[in-house]
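Asker: File query-v8.pdb follows (PDB, C-alpha atoms):
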```pdb
ATOM      1  CA  MET Z  18      40.371 -13.558 -28.152  1.00  0.00           C
ATOM      2  CA  ARG Z  19      39.720 -15.916 -25.264  1.00  0.00           C
ATOM      3  CA  VAL Z  20      42.398 -18.354 -24.141  1.00  0.00           C
ATOM      4  CA  LYS Z  21      41.191 -21.721 -22.988  1.00  0.00           C
ATOM      5  CA  ALA Z  22      42.641 -22.865 -19.712  1.00  0.00           C
ATOM      6  CA  LYS Z  23      43.902 -26.399 -19.619  1.00  0.00           C
ATOM      7  CA  THR Z  24      41.893 -28.529 -17.279  1.00  0.00           C
ATOM      8  CA  GLN Z  25      43.662 -31.104 -15.244  1.00  0.00           C
ATOM      9  CA  ARG Z  26      42.164 -34.527 -15.173  1.00  0.00           C
ATOM     10  CA  LYS Z  27      41.302 -35.627 -11.674  1.00  0.00           C
ATOM     11  CA  ILE Z  28      43.370 -38.609 -10.675  1.00  0.00           C
ATOM     12  CA  LYS Z  29      41.190 -41.413  -9.478  1.00  0.00           C
ATOM     13  CA  ALA Z  30      42.396 -43.534  -6.580  1.00  0.00           C
ATOM     14  CA  ALA Z  31      42.461 -46.579  -8.853  1.00  0.00           C
ATOM     15  CA  ASP Z  32      44.859 -44.759 -11.202  1.00  0.00           C
ATOM     16  CA  ARG Z  33      47.467 -44.414  -8.464  1.00  0.00           C
ATOM     17  CA  GLY Z  34      49.768 -47.275  -7.675  1.00  0.00           C
ATOM     18  CA  PRO Z  35      50.592 -48.809  -4.332  1.00  0.00           C
ATOM     19  CA  THR Z  36      52.303 -46.691  -1.669  1.00  0.00           C
ATOM     20  CA  LEU Z  37      54.761 -48.464   0.597  1.00  0.00           C
ATOM     21  CA  VAL Z  38      54.604 -47.521   4.253  1.00  0.00           C
ATOM     22  CA  GLY Z  39      57.750 -48.813   5.858  1.00  0.00           C
ATOM     23  CA  LYS Z  40      59.085 -52.154   4.694  1.00  0.00           C
ATOM     24  CA  HIS Z  41      56.065 -54.400   5.319  1.00  0.00           C
ATOM     25  CA  LEU Z  42      52.978 -52.196   4.957  1.00  0.00           C
ATOM     26  CA  VAL Z  43      51.268 -50.887   1.839  1.00  0.00           C
ATOM     27  CA  VAL Z  44      48.320 -48.783   0.749  1.00  0.00           C
ATOM     28  CA  ASP Z  45      47.070 -50.086  -2.592  1.00  0.00           C
ATOM     29  CA  PRO Z  46      43.815 -48.715  -4.046  1.00  0.00           C
ATOM     30  CA  GLY Z  47      43.262 -52.104  -5.679  1.00  0.00           C
ATOM     31  CA  VAL Z  48      43.466 -54.063  -2.410  1.00  0.00           C
ATOM     32  CA  CYS Z  49      40.858 -53.823   0.365  1.00  0.00           C
ATOM     33  CA  HIS Z  50      39.532 -50.506  -0.978  1.00  0.00           C
ATOM     34  CA  GLY Z  51      42.857 -48.792  -0.319  1.00  0.00           C
ATOM     35  CA  ALA Z  52      43.110 -49.743   3.350  1.00  0.00           C
ATOM     36  CA  LEU Z  53      46.551 -50.073   4.922  1.00  0.00           C
ATOM     37  CA  THR Z  54      47.465 -53.759   4.610  1.00  0.00           C
ATOM     38  CA  PHE Z  55      50.467 -55.984   5.075  1.00  0.00           C
ATOM     39  CA  LEU Z  56      52.489 -56.202   1.871  1.00  0.00           C
ATOM     40  CA  GLY Z  57      51.525 -59.188  -0.269  1.00  0.00           C
ATOM     41  CA  THR Z  58      48.369 -59.910   1.735  1.00  0.00           C
ATOM     42  CA  ARG Z  59      44.800 -58.696   2.057  1.00  0.00           C
ATOM     43  CA  VAL Z  60      45.096 -58.449   5.842  1.00  0.00           C
ATOM     44  CA  PRO Z  61      44.292 -54.940   7.108  1.00  0.00           C
ATOM     45  CA  VAL Z  62      46.782 -53.541   9.607  1.00  0.00           C
ATOM     46  CA  GLU Z  63      43.828 -52.215  11.604  1.00  0.00           C
ATOM     47  CA  THR Z  64      42.608 -55.780  12.175  1.00  0.00           C
ATOM     48  CA  ILE Z  65      45.911 -56.966  13.617  1.00  0.00           C
ATOM     49  CA  LEU Z  66      46.273 -53.871  15.810  1.00  0.00           C
ATOM     50  CA  ALA Z  67      42.727 -54.383  17.122  1.00  0.00           C
ATOM     51  CA  TYR Z  68      43.524 -57.980  18.113  1.00  0.00           C
ATOM     52  CA  LEU Z  69      46.683 -56.813  19.873  1.00  0.00           C
ATOM     53  CA  ALA Z  70      44.681 -54.163  21.717  1.00  0.00           C
ATOM     54  CA  LYS Z  71      42.327 -56.900  22.939  1.00  0.00           C
ATOM     55  CA  GLY Z  72      45.294 -58.722  24.456  1.00  0.00           C
ATOM     56  CA  HIS Z  73      46.016 -61.411  21.878  1.00  0.00           C
ATOM     57  CA  SER Z  74      49.642 -62.508  21.662  1.00  0.00           C
ATOM     58  CA  LEU Z  75      52.000 -62.305  18.718  1.00  0.00           C
ATOM     59  CA  THR Z  76      52.006 -66.114  18.679  1.00  0.00           C
ATOM     60  CA  TYR Z  77      48.206 -66.162  18.354  1.00  0.00           C
ATOM     61  CA  LEU Z  78      48.322 -63.623  15.523  1.00  0.00           C
ATOM     62  CA  CYS Z  79      51.015 -65.539  13.631  1.00  0.00           C
ATOM     63  CA  LYS Z  80      48.957 -68.737  13.886  1.00  0.00           C
ATOM     64  CA  SER Z  81      45.770 -66.972  12.813  1.00  0.00           C
ATOM     65  CA  TRP Z  82      47.374 -65.064   9.931  1.00  0.00           C
ATOM     66  CA  PRO Z  83      50.432 -67.105   8.870  1.00  0.00           C
ATOM     67  CA  GLU Z  84      50.862 -64.925   5.775  1.00  0.00           C
ATOM     68  CA  VAL Z  85      51.800 -61.986   8.030  1.00  0.00           C
ATOM     69  CA  ALA Z  86      55.380 -62.120   9.290  1.00  0.00           C
ATOM     70  CA  PRO Z  87      56.092 -61.271  12.941  1.00  0.00           C
ATOM     71  CA  GLU Z  88      58.459 -58.526  11.717  1.00  0.00           C
ATOM     72  CA  ALA Z  89      55.571 -56.965   9.790  1.00  0.00           C
ATOM     73  CA  ILE Z  90      53.382 -56.898  12.906  1.00  0.00           C
ATOM     74  CA  GLU Z  91      56.222 -55.400  14.938  1.00  0.00           C
ATOM     75  CA  GLU Z  92      56.687 -52.701  12.293  1.00  0.00           C
ATOM     76  CA  ALA Z  93      52.962 -51.887  12.356  1.00  0.00           C
ATOM     77  CA  VAL Z  94      53.024 -51.494  16.142  1.00  0.00           C
ATOM     78  CA  ARG Z  95      56.175 -49.362  16.026  1.00  0.00           C
ATOM     79  CA  LEU Z  96      54.796 -47.051  13.323  1.00  0.00           C
ATOM     80  CA  ALA Z  97      51.449 -46.727  15.109  1.00  0.00           C
ATOM     81  CA  ALA Z  98      53.189 -45.868  18.385  1.00  0.00           C
ATOM     82  CA  GLU Z  99      55.425 -43.301  16.686  1.00  0.00           C
ATOM     83  CA  LYS Z 100      52.416 -41.648  15.033  1.00  0.00           C
ATOM     84  CA  LEU Z 101      50.478 -41.527  18.316  1.00  0.00           C
ATOM     85  CA  VAL Z 102      53.377 -39.955  20.193  1.00  0.00           C
ATOM     86  CA  GLN Z 103      53.985 -37.466  17.373  1.00  0.00           C
ATOM     87  CA  HIS Z 104      50.297 -36.510  17.273  1.00  0.00           C
ATOM     88  CA  TYR Z 105      50.200 -35.607  20.959  1.00  0.00           C
ATOM     89  CA  ARG Z 106      53.666 -34.058  20.965  1.00  0.00           C
ATOM     90  CA  ASP Z 107      52.458 -31.663  18.239  1.00  0.00           C
ATOM     91  CA  LYS Z 108      49.389 -30.745  20.354  1.00  0.00           C
ATOM     92  CA  ARG Z 109      51.413 -29.453  23.315  1.00  0.00           C
ATOM     93  CA  PRO Z 110      50.651 -25.861  24.284  1.00  0.00           C
TER      94      PRO Z 110
END
```
Rewrite the structure from the file as structure tokens, please.
Answerer:
Amino acid sequence: MRVKAKTQRKIKAADRGPTLVGKHLVVDPGVCHGALTFLGTRVPVETILAYLAKGHSLTYLCKSWPEVAPEAIEEAVRLAAEKLVQHYRDKRP
């Protein structure tokens, strides 16, 4: 007698809910194709970080994206910096 193995249904990205990253950032499969965004907005964190890297000020960013709080931008920078440092700290010989 053969026993049938239960098959697990693959969980689609759209079936998962939002994942908070810190206090102000979120990954939601239903928003911007699951990109990391600022909570309550459709503004990708990558966009804001790219503008900062080009030398734009926090004041400029807050005027351009008033829906993104300065504290949210500061959190994004802090988390990105922590991840970068951790990545290279883990690569030490």
Asker: Apply the PyMOL selection byres ((chain Z and resi 55) around 10) to the displayed file and report the matching residues as a list in words.
Answerer: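 Applied to this file, the PyMOL selection byres ((chain Z and resi 55) around 10) returns Leu37, Val38, Lys40, His41, Leu42, Val43, Val44, Ala52, Leu53, Thr54, Leu56, Gly57, Thr58, Arg59, Val60, Pro61, Val62, Ile65, Glu84, Val85, Ala86, Ala89, Ile90 and Ala93 of chain Z.
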Asker: Taking (46.1, -65.2, 13.6) in the file's own coordinates, collect the residues within 12 Å, counting all atoms listed in the file, and hand them back as a ChimeraX atom specification.
Answerer: /Z:60,64-69,73-87,90
Asker: I'd like the interatomic distance between CA of Leu101 (chain Z) and CA of Thr36 (chain Z), to a tenth of an Å.
Answerer: 20.7 Å
Asker: When you count only C-alpha atoms, which of these residues is closest to Pro35 (chain Z): Z:Lys71, Z:Lys108, Z:Gly47, Z:Arg95?
Answerer: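 When distances to Pro35 (chain Z) are compared using only C-alpha atoms, the smallest one comes from Z:Gly47.
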Asker: Please compute the CA of Val48 (chain Z)-CA of Val102 (chain Z) distance, one decimal, in Å.
Answerer: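 Those two atoms sit 28.4 Å apart.
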Asker: Suppose you want the space between CA of Gly51 (chain Z) and CA of Val94 (chain Z); what is it in Å?
Answerer: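 If I compute the distance from CA of Gly51 (chain Z) to CA of Val94 (chain Z), I get 19.5 Å.
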Asker: For a quick check of understanding, using all atoms listed in the file, which of Z:Gly72, Z:Glu63, Z:Ala97, Z:His104 has the smallest distance to Gly39 (chain Z)?
Answerer: Z:Ala97
